[in-house]
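Q: Sending over start-v1.csv (CSV, C-alpha atoms).
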chain,number,residue,atom,x,y,z
A,1,MET,CA,-51.9,81.2,54.2
A,2,ALA,CA,-53.5,83.3,51.5
A,3,ARG,CA,-55.6,81.3,49.1
A,4,LEU,CA,-54.6,81.7,45.5
A,5,LEU,CA,-57.6,83.4,44.0
A,6,VAL,CA,-56.3,84.5,40.7
A,7,VAL,CA,-53.8,82.8,38.5
A,8,PRO,CA,-51.2,85.6,37.8
A,9,LEU,CA,-51.3,87.3,34.5
A,10,ASN,CA,-49.4,85.5,31.8
A,11,ASN,CA,-49.0,86.1,28.1
A,12,LEU,CA,-49.5,83.5,25.3
A,13,PHE,CA,-46.6,85.0,23.3
A,14,ALA,CA,-44.1,84.8,26.2
A,15,SER,CA,-41.4,82.2,26.6
A,16,ILE,CA,-41.4,81.0,23.0
A,17,PRO,CA,-38.1,79.5,22.1
A,18,ASP,CA,-36.3,81.1,19.1
A,19,ALA,CA,-36.3,77.9,17.2
A,20,VAL,CA,-39.0,75.4,17.9
A,21,ALA,CA,-37.2,72.0,17.9
A,22,GLY,CA,-40.4,70.1,18.6
A,23,GLU,CA,-43.9,71.0,19.3
A,24,LEU,CA,-44.1,72.6,22.7
A,25,SER,CA,-47.1,72.1,25.0
A,26,THR,CA,-47.5,74.2,28.1
A,27,SER,CA,-50.2,73.6,30.7
A,28,LEU,CA,-51.9,76.8,31.6
A,29,VAL,CA,-54.8,75.9,34.0
A,30,THR,CA,-56.0,72.4,35.1
A,31,ARG,CA,-59.3,72.0,36.9
A,32,SER,CA,-61.4,69.0,37.5
A,33,GLY,CA,-63.6,69.5,34.4
A,34,VAL,CA,-61.3,71.3,32.0
A,35,ARG,CA,-57.7,72.0,31.2
A,36,PHE,CA,-56.2,74.7,29.1
A,37,GLU,CA,-52.9,74.4,27.2
A,38,ARG,CA,-50.8,76.5,25.0
A,39,ILE,CA,-49.3,74.7,22.1
A,40,VAL,CA,-46.5,76.2,19.9
A,41,SER,CA,-45.7,74.5,16.6
A,42,GLN,CA,-43.3,75.4,13.9
A,43,GLY,CA,-43.5,73.3,10.8
A,44,GLN,CA,-44.5,70.1,12.7
A,45,ALA,CA,-47.2,67.8,11.6
A,46,SER,CA,-48.6,64.6,13.0
A,47,PRO,CA,-46.7,61.5,11.7
A,48,GLU,CA,-48.2,60.1,8.5
A,49,GLY,CA,-51.0,57.7,9.4
A,50,PHE,CA,-51.2,58.9,13.0
A,51,TRP,CA,-54.7,60.0,14.3
A,52,TYR,CA,-55.6,61.7,17.5
A,53,ASP,CA,-58.5,59.8,19.0
A,54,GLN,CA,-59.3,61.6,22.3
A,55,ALA,CA,-61.8,60.7,25.0
A,56,GLU,CA,-62.4,64.4,25.6
A,57,ARG,CA,-63.8,67.2,23.5
A,58,GLU,CA,-61.3,69.8,22.4
A,59,PHE,CA,-61.8,73.5,21.9
A,60,VAL,CA,-59.1,74.8,19.5
A,61,LEU,CA,-58.3,78.4,18.9
A,62,LEU,CA,-55.5,79.3,16.5
A,63,VAL,CA,-54.0,82.5,17.9
A,64,GLN,CA,-51.1,83.1,15.6
A,65,GLY,CA,-49.7,81.4,12.5
A,66,ARG,CA,-51.3,78.9,10.2
A,67,ALA,CA,-52.2,75.2,10.2
A,68,GLU,CA,-54.1,72.5,8.5
A,69,LEU,CA,-56.2,69.9,10.4
A,70,GLU,CA,-57.2,66.7,8.7
A,71,PHE,CA,-60.0,64.5,9.7
A,72,ALA,CA,-60.5,60.8,9.1
A,73,ASP,CA,-63.4,61.6,6.8
A,74,ALA,CA,-60.9,63.3,4.5
A,75,ARG,CA,-61.9,66.9,5.3
A,76,VAL,CA,-59.1,69.3,5.6
A,77,VAL,CA,-59.5,72.5,7.5
A,78,THR,CA,-57.1,75.4,7.2
A,79,LEU,CA,-56.8,77.7,10.2
A,80,GLY,CA,-55.5,81.2,10.5
A,81,PRO,CA,-55.5,83.7,13.4
A,82,GLY,CA,-58.8,83.8,15.2
A,83,ASP,CA,-60.1,80.6,13.7
A,84,TRP,CA,-61.7,78.2,16.3
A,85,LEU,CA,-63.5,75.0,16.3
A,86,GLU,CA,-64.6,72.2,18.6
A,87,ILE,CA,-63.5,68.7,17.9
A,88,GLY,CA,-65.8,66.1,19.4
A,89,ALA,CA,-64.6,63.2,21.5
A,90,HIS,CA,-63.2,60.4,19.4
A,91,VAL,CA,-63.3,62.4,16.2
A,92,ARG,CA,-60.1,61.2,14.6
A,93,HIS,CA,-57.9,64.0,13.4
A,94,ARG,CA,-54.3,65.0,12.8
A,95,VAL,CA,-52.2,68.1,12.2
A,96,ARG,CA,-51.5,68.0,8.5
A,97,SER,CA,-49.2,71.0,8.5
A,98,THR,CA,-48.2,74.1,10.5
A,99,ALA,CA,-46.4,77.1,9.1
A,100,PRO,CA,-42.7,76.5,8.8
A,101,ASP,CA,-41.6,80.2,8.9
A,102,GLY,CA,-42.6,81.2,12.4
A,103,PRO,CA,-44.4,79.9,15.5
A,104,THR,CA,-48.0,78.8,15.3
A,105,ILE,CA,-49.7,79.4,18.6
A,106,TRP,CA,-52.7,77.5,19.7
A,107,LEU,CA,-54.9,77.8,22.8
A,108,VAL,CA,-56.7,74.5,23.4
A,109,ALA,CA,-59.0,73.2,26.1
A,110,PHE,CA,-60.0,69.7,26.9
A,111,TYR,CA,-63.3,68.8,28.6
A,112,ASP,CA,-66.0,66.2,28.6
B,1,MET,CA,-79.2,61.6,10.9
B,2,ALA,CA,-75.6,62.4,11.1
B,3,ARG,CA,-74.3,63.3,14.5
B,4,LEU,CA,-72.6,66.7,14.7
B,5,LEU,CA,-69.0,65.8,15.5
B,6,VAL,CA,-67.2,69.0,14.9
B,7,VAL,CA,-68.5,72.5,15.5
B,8,PRO,CA,-67.9,74.3,12.1
B,9,LEU,CA,-64.9,76.6,11.8
B,10,ASN,CA,-65.6,80.1,13.0
B,11,ASN,CA,-63.4,83.1,13.4
B,12,LEU,CA,-63.2,85.3,16.5
B,13,PHE,CA,-62.7,88.4,14.3
B,14,ALA,CA,-65.9,87.8,12.3
B,15,SER,CA,-69.2,89.5,12.6
B,16,ILE,CA,-67.9,92.4,14.7
B,17,PRO,CA,-70.2,95.4,14.3
B,18,ASP,CA,-68.6,98.6,13.0
B,19,ALA,CA,-69.5,100.6,16.0
B,20,VAL,CA,-70.0,98.7,19.2
B,21,ALA,CA,-73.0,100.3,20.8
B,22,GLY,CA,-72.8,98.0,23.9
B,23,GLU,CA,-70.7,95.1,24.9
B,24,LEU,CA,-71.4,92.2,22.7
B,25,SER,CA,-71.3,88.7,24.1
B,26,THR,CA,-71.6,85.7,21.8
B,27,SER,CA,-71.9,82.1,23.0
B,28,LEU,CA,-69.4,79.8,21.1
B,29,VAL,CA,-69.7,76.4,22.8
B,30,THR,CA,-71.8,75.3,25.8
B,31,ARG,CA,-71.2,71.9,27.4
B,32,SER,CA,-72.2,70.6,30.8
B,33,GLY,CA,-69.0,71.6,32.5
B,34,VAL,CA,-67.7,74.5,30.5
B,35,ARG,CA,-69.0,77.3,28.2
B,36,PHE,CA,-67.0,79.5,25.9
B,37,GLU,CA,-67.9,83.0,24.9
B,38,ARG,CA,-66.5,85.7,22.8
B,39,ILE,CA,-66.9,89.2,24.2
B,40,VAL,CA,-66.4,92.4,22.1
B,41,SER,CA,-66.0,95.7,24.0
B,42,GLN,CA,-65.3,99.1,22.7
B,43,GLY,CA,-64.8,101.7,25.5
B,44,GLN,CA,-67.2,100.0,27.8
B,45,ALA,CA,-66.5,99.6,31.5
B,46,SER,CA,-68.5,98.1,34.4
B,47,PRO,CA,-70.7,100.6,36.1
B,48,GLU,CA,-69.0,102.5,39.0
B,49,GLY,CA,-69.4,100.4,42.1
B,50,PHE,CA,-70.5,97.2,40.3
B,51,TRP,CA,-68.6,94.0,40.9
B,52,TYR,CA,-68.9,90.7,39.2
B,53,ASP,CA,-69.2,88.0,41.8
B,54,GLN,CA,-69.5,84.7,39.9
B,55,ALA,CA,-70.1,81.2,41.2
B,56,GLU,CA,-67.8,79.8,38.4
B,57,ARG,CA,-64.2,80.2,37.7
B,58,GLU,CA,-63.4,82.2,34.6
B,59,PHE,CA,-60.5,81.8,32.1
B,60,VAL,CA,-59.9,85.1,30.3
B,61,LEU,CA,-57.8,85.6,27.2
B,62,LEU,CA,-57.5,89.1,25.7
B,63,VAL,CA,-57.1,88.4,22.0
B,64,GLN,CA,-57.1,92.0,20.6
B,65,GLY,CA,-57.2,95.4,22.1
B,66,ARG,CA,-56.5,96.6,25.6
B,67,ALA,CA,-58.4,96.5,28.9
B,68,GLU,CA,-58.0,97.1,32.6
B,69,LEU,CA,-59.5,94.7,35.2
B,70,GLU,CA,-59.9,95.9,38.8
B,71,PHE,CA,-60.2,93.6,41.8
B,72,ALA,CA,-62.0,94.3,45.1
B,73,ASP,CA,-58.6,94.2,46.8
B,74,ALA,CA,-57.7,97.3,44.7
B,75,ARG,CA,-55.3,95.5,42.3
B,76,VAL,CA,-55.6,96.7,38.7
B,77,VAL,CA,-54.4,94.5,35.9
B,78,THR,CA,-53.8,95.9,32.4
B,79,LEU,CA,-54.2,93.4,29.6
B,80,GLY,CA,-53.0,93.5,26.1
B,81,PRO,CA,-53.1,90.9,23.3
B,82,GLY,CA,-52.2,87.4,24.4
B,83,ASP,CA,-52.6,88.2,28.1
B,84,TRP,CA,-54.6,85.6,30.0
B,85,LEU,CA,-55.5,84.9,33.6
B,86,GLU,CA,-57.9,82.8,35.6
B,87,ILE,CA,-60.3,84.5,38.0
B,88,GLY,CA,-61.4,82.3,40.9
B,89,ALA,CA,-65.1,81.8,41.8
B,90,HIS,CA,-66.4,84.7,43.9
B,91,VAL,CA,-63.3,86.9,43.3
B,92,ARG,CA,-65.0,90.2,42.9
B,93,HIS,CA,-63.8,92.1,39.9
B,94,ARG,CA,-65.0,94.7,37.3
B,95,VAL,CA,-63.9,95.9,33.9
B,96,ARG,CA,-62.3,99.3,34.7
B,97,SER,CA,-61.7,100.3,31.1
B,98,THR,CA,-61.5,99.0,27.5
B,99,ALA,CA,-59.8,100.7,24.6
B,100,PRO,CA,-62.1,103.3,23.1
B,101,ASP,CA,-60.6,103.4,19.6
B,102,GLY,CA,-61.3,99.9,18.4
B,103,PRO,CA,-62.8,96.6,19.4
B,104,THR,CA,-61.3,94.7,22.3
B,105,ILE,CA,-61.9,91.0,21.8
B,106,TRP,CA,-62.0,88.5,24.7
B,107,LEU,CA,-62.2,84.8,24.7
B,108,VAL,CA,-63.6,83.7,28.1
B,109,ALA,CA,-64.6,80.3,29.5
B,110,PHE,CA,-66.7,79.6,32.6
B,111,TYR,CA,-66.4,76.4,34.6
B,112,ASP,CA,-66.4,75.0,38.1
Would you kindly transcribe this structure into structure tokens?
A:
Amino acid sequence: MARLLVVPLNNLFASIPDAVAGELSTSLVTRSGVRFERIVSQGQASPEGFWYDQAEREFVLLVQGRAELEFADARVVTLGPGDWLEIGAHVRHRVRSTAPDGPTIWLVAFYD
Amino acid sequence: MARLLVVPLNNLFASIPDAVAGELSTSLVTRSGVRFERIVSQGQASPEGFWYDQAEREFVLLVQGRAELEFADARVVTLGPGDWLEIGAHVRHRVRSTAPDGPTIWLVAFYD
């Protein structure tokens, strides 16, 4: 049986529902030390008072759209296309807003 | 001294030279199990007969532009914006072409 050597070509803009009822997270690649996901948001935000507190580091690239990330130290970061950052493990953060008028597409990776 | 918890916001489209004399590779984040790079190409290709033969897996996202990847089994994959794939360790490949008329921007990650 042939060993799968290359994950077939995919596109981040494919298979996006017309109306995003809820945030849509799609696993792209999962390996022992890192996993990649596509996230599609449309107007969603984290619940008030909710904070992500993750054991892993997270690399975040905003590919399309617009979003605001809020950190527990009160910093707010606005992201547009091409903006990227790394969020350290256990750095508490939440999605303060995402653009309501079209899909916001994120590429994220989690790792130690 | 404050611990750096979040890599400051950056943009993949920033600091791109007007004319790309050679392929430009910029390290974004390096951790023990994964490293992220931005690559900017403009018309470059791998030398004829050259093959990348990497010990690590590579996640490739074409963010802007157009490129062709060629594999040692003769497959050619054309990538446009949003296209992504994972190239397995030791899967021999080369960049067959990149768009000559503007920067092609890649986000790549290497990991085991």
Q: Pull out every residue of chain B sitting within 8 Å of chain A, counting only C-alpha atoms, and send them as a PyMOL selection string.
A: chain B and resi 5-13+29+31-34+63+77+81-89+91+111-112
Q: Can you provide chain A as a compact mmCIF listing (two decimals) with C-alpha atoms, in the frame of the given file, superposed onto chain B by least squares across all C-alpha atoms matched in order?
A:
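Wrote result-v7.txt, looks like this:
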# COMPACT_ATOMS: atom_id res chain seq x y z
CA MET A 1 -79.25 61.73 10.99
CA ALA A 2 -75.57 62.55 11.05
CA ARG A 3 -74.29 63.40 14.49
CA LEU A 4 -72.61 66.75 14.70
CA LEU A 5 -69.05 65.84 15.50
CA VAL A 6 -67.27 69.04 14.91
CA VAL A 7 -68.50 72.53 15.50
CA PRO A 8 -67.85 74.28 12.09
CA LEU A 9 -64.92 76.54 11.81
CA ASN A 10 -65.59 80.06 12.96
CA ASN A 11 -63.40 83.09 13.38
CA LEU A 12 -63.16 85.32 16.52
CA PHE A 13 -62.76 88.45 14.34
CA ALA A 14 -65.89 87.76 12.24
CA SER A 15 -69.23 89.47 12.64
CA ILE A 16 -67.97 92.43 14.65
CA PRO A 17 -70.24 95.37 14.25
CA ASP A 18 -68.60 98.58 12.91
CA ALA A 19 -69.52 100.50 15.96
CA VAL A 20 -69.93 98.65 19.19
CA ALA A 21 -73.03 100.23 20.83
CA GLY A 22 -72.79 97.99 23.87
CA GLU A 23 -70.66 95.17 24.91
CA LEU A 24 -71.45 92.18 22.76
CA SER A 25 -71.35 88.62 24.12
CA THR A 26 -71.55 85.68 21.79
CA SER A 27 -71.85 82.08 22.97
CA LEU A 28 -69.43 79.89 21.16
CA VAL A 29 -69.69 76.37 22.75
CA THR A 30 -71.77 75.27 25.81
CA ARG A 31 -71.17 71.90 27.41
CA SER A 32 -72.17 70.57 30.73
CA GLY A 33 -68.91 71.55 32.49
CA VAL A 34 -67.76 74.58 30.53
CA ARG A 35 -68.90 77.31 28.23
CA PHE A 36 -66.92 79.49 25.93
CA GLU A 37 -67.90 83.03 24.90
CA ARG A 38 -66.57 85.74 22.76
CA ILE A 39 -66.91 89.16 24.19
CA VAL A 40 -66.34 92.38 22.13
CA SER A 41 -66.00 95.67 24.00
CA GLN A 42 -65.30 99.12 22.77
CA GLY A 43 -64.76 101.69 25.44
CA GLN A 44 -67.22 100.05 27.91
CA ALA A 45 -66.51 99.57 31.53
CA SER A 46 -68.47 98.07 34.37
CA PRO A 47 -70.72 100.68 36.11
CA GLU A 48 -68.96 102.44 38.99
CA GLY A 49 -69.37 100.36 42.13
CA PHE A 50 -70.51 97.27 40.23
CA TRP A 51 -68.60 93.96 40.93
CA TYR A 52 -68.82 90.68 39.16
CA ASP A 53 -69.19 88.00 41.79
CA GLN A 54 -69.47 84.69 39.85
CA ALA A 55 -70.12 81.19 41.13
CA GLU A 56 -67.84 79.84 38.41
CA ARG A 57 -64.17 80.22 37.64
CA GLU A 58 -63.36 82.24 34.57
CA PHE A 59 -60.53 81.81 32.12
CA VAL A 60 -59.91 85.15 30.33
CA LEU A 61 -57.81 85.60 27.28
CA LEU A 62 -57.50 89.06 25.74
CA VAL A 63 -57.15 88.44 22.01
CA GLN A 64 -57.13 91.93 20.62
CA GLY A 65 -57.25 95.43 22.09
CA ARG A 66 -56.61 96.59 25.61
CA ALA A 67 -58.38 96.55 28.98
CA GLU A 68 -58.03 97.08 32.64
CA LEU A 69 -59.51 94.68 35.25
CA GLU A 70 -59.97 95.83 38.80
CA PHE A 71 -60.31 93.64 41.76
CA ALA A 72 -61.97 94.32 45.09
CA ASP A 73 -58.57 94.21 46.77
CA ALA A 74 -57.66 97.30 44.75
CA ARG A 75 -55.33 95.56 42.27
CA VAL A 76 -55.59 96.71 38.76
CA VAL A 77 -54.45 94.54 35.93
CA THR A 78 -53.85 95.84 32.44
CA LEU A 79 -54.26 93.38 29.59
CA GLY A 80 -53.01 93.45 26.06
CA PRO A 81 -53.08 90.85 23.25
CA GLY A 82 -52.16 87.41 24.47
CA ASP A 83 -52.57 88.22 28.12
CA TRP A 84 -54.59 85.56 30.10
CA LEU A 85 -55.55 84.90 33.58
CA GLU A 86 -57.93 82.83 35.67
CA ILE A 87 -60.31 84.54 37.99
CA GLY A 88 -61.45 82.32 40.84
CA ALA A 89 -65.07 81.84 41.79
CA HIS A 90 -66.41 84.72 43.82
CA VAL A 91 -63.35 86.86 43.28
CA ARG A 92 -65.00 90.24 42.91
CA HIS A 93 -63.84 92.13 39.88
CA ARG A 94 -64.91 94.67 37.28
CA VAL A 95 -63.85 95.99 33.89
CA ARG A 96 -62.26 99.31 34.69
CA SER A 97 -61.70 100.30 31.08
CA THR A 98 -61.47 98.93 27.52
CA ALA A 99 -59.85 100.70 24.61
CA PRO A 100 -62.13 103.29 23.11
CA ASP A 101 -60.53 103.37 19.60
CA GLY A 102 -61.30 99.90 18.33
CA PRO A 103 -62.80 96.57 19.41
CA THR A 104 -61.35 94.67 22.33
CA ILE A 105 -61.86 90.98 21.82
CA TRP A 106 -61.95 88.54 24.63
CA LEU A 107 -62.25 84.74 24.69
CA VAL A 108 -63.60 83.63 28.07
CA ALA A 109 -64.61 80.31 29.55
CA PHE A 110 -66.64 79.56 32.58
CA TYR A 111 -66.29 76.34 34.60
CA ASP A 112 -66.37 75.04 38.12
Q: Find the residues with any atom within 10 Å of (-40.9, 73.6, 16.1); use only C-alpha atoms and the coordinates as given in the file, and write the answer as a VMD selection string.
A: chain A and resid 17 to 24 40 to 45 98 to 104
Q: Could you dump the residues just selected with C-alpha atoms as an mmCIF file, in the coordinates of the input?
A:
data_model
loop_
_atom_site.group_PDB
_atom_site.id
_atom_site.type_symbol
_atom_site.label_atom_id
_atom_site.label_comp_id
_atom_site.auth_asym_id
_atom_site.auth_seq_id
_atom_site.Cartn_x
_atom_site.Cartn_y
_atom_site.Cartn_z
ATOM 1 C CA PRO A 17 -38.100 79.500 22.100
ATOM 2 C CA ASP A 18 -36.300 81.100 19.100
ATOM 3 C CA ALA A 19 -36.300 77.900 17.200
ATOM 4 C CA VAL A 20 -39.000 75.400 17.900
ATOM 5 C CA ALA A 21 -37.200 72.000 17.900
ATOM 6 C CA GLY A 22 -40.400 70.100 18.600
ATOM 7 C CA GLU A 23 -43.900 71.000 19.300
ATOM 8 C CA LEU A 24 -44.100 72.600 22.700
ATOM 9 C CA VAL A 40 -46.500 76.200 19.900
ATOM 10 C CA SER A 41 -45.700 74.500 16.600
ATOM 11 C CA GLN A 42 -43.300 75.400 13.900
ATOM 12 C CA GLY A 43 -43.500 73.300 10.800
ATOM 13 C CA GLN A 44 -44.500 70.100 12.700
ATOM 14 C CA ALA A 45 -47.200 67.800 11.600
ATOM 15 C CA THR A 98 -48.200 74.100 10.500
ATOM 16 C CA ALA A 99 -46.400 77.100 9.100
ATOM 17 C CA PRO A 100 -42.700 76.500 8.800
ATOM 18 C CA ASP A 101 -41.600 80.200 8.900
ATOM 19 C CA GLY A 102 -42.600 81.200 12.400
ATOM 20 C CA PRO A 103 -44.400 79.900 15.500
ATOM 21 C CA THR A 104 -48.000 78.800 15.300
#
Q: When you look at Arg94 (chain B) with a cut-off of 6 Å (counting all atoms listed in the file), what residues show up, excluding the ones that are within fewer than 4 positions of it in the same chain? I need them as a PyMOL selection string.
A: chain B and resi 46+51-52+69-70
Q: Calculate how many Å separate CA of Thr26 (chain A) from CA of Pro47 (chain A), rounding to one decimal.
A: 20.8 Å
Q: Separation of CA of Ala67 (chain A) and CA of Arg38 (chain A), in Å?
A: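 These two atoms are separated by 14.9 Å.
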Q: Which distance in Å separates CA of Ser27 (chain A) and CA of Trp106 (chain A), to one decimal?
A: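 About the pair CA of Ser27 (chain A) and CA of Trp106 (chain A): they are 11.9 Å apart.
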Q: Because some atoms of region 29-60 of chain A are absent here, can you restore N, CA and C atoms and send them as an mmCIF file, keeping the file's coordinate frame?
A:
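selection.cif, written as the output of this step:
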data_model
loop_
_atom_site.group_PDB
_atom_site.id
_atom_site.type_symbol
_atom_site.label_atom_id
_atom_site.label_comp_id
_atom_site.auth_asym_id
_atom_site.auth_seq_id
_atom_site.Cartn_x
_atom_site.Cartn_y
_atom_site.Cartn_z
ATOM 1 N N VAL A 29 -53.873 76.041 32.832
ATOM 2 C CA VAL A 29 -54.800 75.900 34.000
ATOM 3 C C VAL A 29 -55.353 74.479 33.897
ATOM 4 N N THR A 30 -55.351 73.773 35.015
ATOM 5 C CA THR A 30 -56.000 72.400 35.100
ATOM 6 C C THR A 30 -56.967 72.410 36.212
ATOM 7 N N ARG A 31 -58.208 72.163 35.885
ATOM 8 C CA ARG A 31 -59.300 72.000 36.900
ATOM 9 C C ARG A 31 -59.916 70.668 36.676
ATOM 10 N N SER A 32 -60.852 70.319 37.545
ATOM 11 C CA SER A 32 -61.400 69.000 37.500
ATOM 12 C C SER A 32 -62.111 68.697 36.141
ATOM 13 N N GLY A 33 -62.793 69.705 35.600
ATOM 14 C CA GLY A 33 -63.600 69.500 34.400
ATOM 15 C C GLY A 33 -62.997 69.984 33.121
ATOM 16 N N VAL A 34 -61.900 70.716 33.209
ATOM 17 C CA VAL A 34 -61.300 71.300 32.000
ATOM 18 C C VAL A 34 -59.862 71.642 32.240
ATOM 19 N N ARG A 35 -59.081 71.505 31.155
ATOM 20 C CA ARG A 35 -57.700 72.000 31.200
ATOM 21 C C ARG A 35 -57.345 72.740 29.986
ATOM 22 N N PHE A 36 -56.580 73.782 30.208
ATOM 23 C CA PHE A 36 -56.200 74.700 29.100
ATOM 24 C C PHE A 36 -54.675 74.506 28.878
ATOM 25 N N GLU A 37 -54.325 74.485 27.607
ATOM 26 C CA GLU A 37 -52.900 74.400 27.200
ATOM 27 C C GLU A 37 -52.596 75.364 26.123
ATOM 28 N N ARG A 38 -51.354 75.813 26.123
ATOM 29 C CA ARG A 38 -50.800 76.500 25.000
ATOM 30 C C ARG A 38 -49.954 75.538 24.200
ATOM 31 N N ILE A 39 -50.127 75.514 22.898
ATOM 32 C CA ILE A 39 -49.300 74.700 22.100
ATOM 33 C C ILE A 39 -48.567 75.605 21.062
ATOM 34 N N VAL A 40 -47.256 75.411 20.928
ATOM 35 C CA VAL A 40 -46.500 76.200 19.900
ATOM 36 C C VAL A 40 -45.903 75.169 18.947
ATOM 37 N N SER A 41 -46.214 75.393 17.684
ATOM 38 C CA SER A 41 -45.700 74.500 16.600
ATOM 39 C C SER A 41 -44.893 75.381 15.659
ATOM 40 N N GLN A 42 -43.967 74.746 14.989
ATOM 41 C CA GLN A 42 -43.300 75.400 13.900
ATOM 42 C C GLN A 42 -42.883 74.410 12.852
ATOM 43 N N GLY A 43 -43.780 74.208 11.923
ATOM 44 C CA GLY A 43 -43.500 73.300 10.800
ATOM 45 C C GLY A 43 -43.832 71.828 11.145
ATOM 46 N N GLN A 44 -44.162 71.553 12.405
ATOM 47 C CA GLN A 44 -44.500 70.100 12.700
ATOM 48 C C GLN A 44 -45.798 69.701 12.150
ATOM 49 N N ALA A 45 -45.909 68.426 11.972
ATOM 50 C CA ALA A 45 -47.200 67.800 11.600
ATOM 51 C C ALA A 45 -47.235 66.456 12.333
ATOM 52 N N SER A 46 -48.429 65.919 12.414
ATOM 53 C CA SER A 46 -48.600 64.600 13.000
ATOM 54 C C SER A 46 -47.895 63.583 12.061
ATOM 55 N N PRO A 47 -47.330 62.531 12.612
ATOM 56 C CA PRO A 47 -46.700 61.500 11.700
ATOM 57 C C PRO A 47 -47.771 60.982 10.742
ATOM 58 N N GLU A 48 -47.300 60.625 9.570
ATOM 59 C CA GLU A 48 -48.200 60.100 8.500
ATOM 60 C C GLU A 48 -48.910 58.839 9.087
ATOM 61 N N GLY A 49 -50.221 58.836 8.924
ATOM 62 C CA GLY A 49 -51.000 57.700 9.400
ATOM 63 C C GLY A 49 -51.390 57.748 10.861
ATOM 64 N N PHE A 50 -50.881 58.745 11.579
ATOM 65 C CA PHE A 50 -51.200 58.900 13.000
ATOM 66 C C PHE A 50 -52.528 59.706 13.109
ATOM 67 N N TRP A 51 -53.421 59.272 13.995
ATOM 68 C CA TRP A 51 -54.700 60.000 14.300
ATOM 69 C C TRP A 51 -54.821 60.229 15.762
ATOM 70 N N TYR A 52 -55.113 61.448 16.145
ATOM 71 C CA TYR A 52 -55.600 61.700 17.500
ATOM 72 C C TYR A 52 -56.979 61.078 17.649
ATOM 73 N N ASP A 53 -57.199 60.357 18.729
ATOM 74 C CA ASP A 53 -58.500 59.800 19.000
ATOM 75 C C ASP A 53 -58.733 59.959 20.503
ATOM 76 N N GLN A 54 -59.307 61.099 20.869
ATOM 77 C CA GLN A 54 -59.300 61.600 22.300
ATOM 78 C C GLN A 54 -60.653 61.294 22.930
ATOM 79 N N ALA A 55 -60.595 60.929 24.184
ATOM 80 C CA ALA A 55 -61.800 60.700 25.000
ATOM 81 C C ALA A 55 -62.541 61.969 25.308
ATOM 82 N N GLU A 56 -61.828 63.097 25.245
ATOM 83 C CA GLU A 56 -62.400 64.400 25.600
ATOM 84 C C GLU A 56 -62.749 65.200 24.366
ATOM 85 N N ARG A 57 -63.666 66.141 24.540
ATOM 86 C CA ARG A 57 -63.800 67.200 23.500
ATOM 87 C C ARG A 57 -62.666 68.137 23.601
ATOM 88 N N GLU A 58 -62.397 68.801 22.485
ATOM 89 C CA GLU A 58 -61.300 69.800 22.400
ATOM 90 C C GLU A 58 -61.759 71.046 21.774
ATOM 91 N N PHE A 59 -61.569 72.146 22.475
ATOM 92 C CA PHE A 59 -61.800 73.500 21.900
ATOM 93 C C PHE A 59 -60.432 73.957 21.398
ATOM 94 N N VAL A 60 -60.384 74.394 20.155
ATOM 95 C CA VAL A 60 -59.100 74.800 19.500
ATOM 96 C C VAL A 60 -59.259 76.217 19.007
#
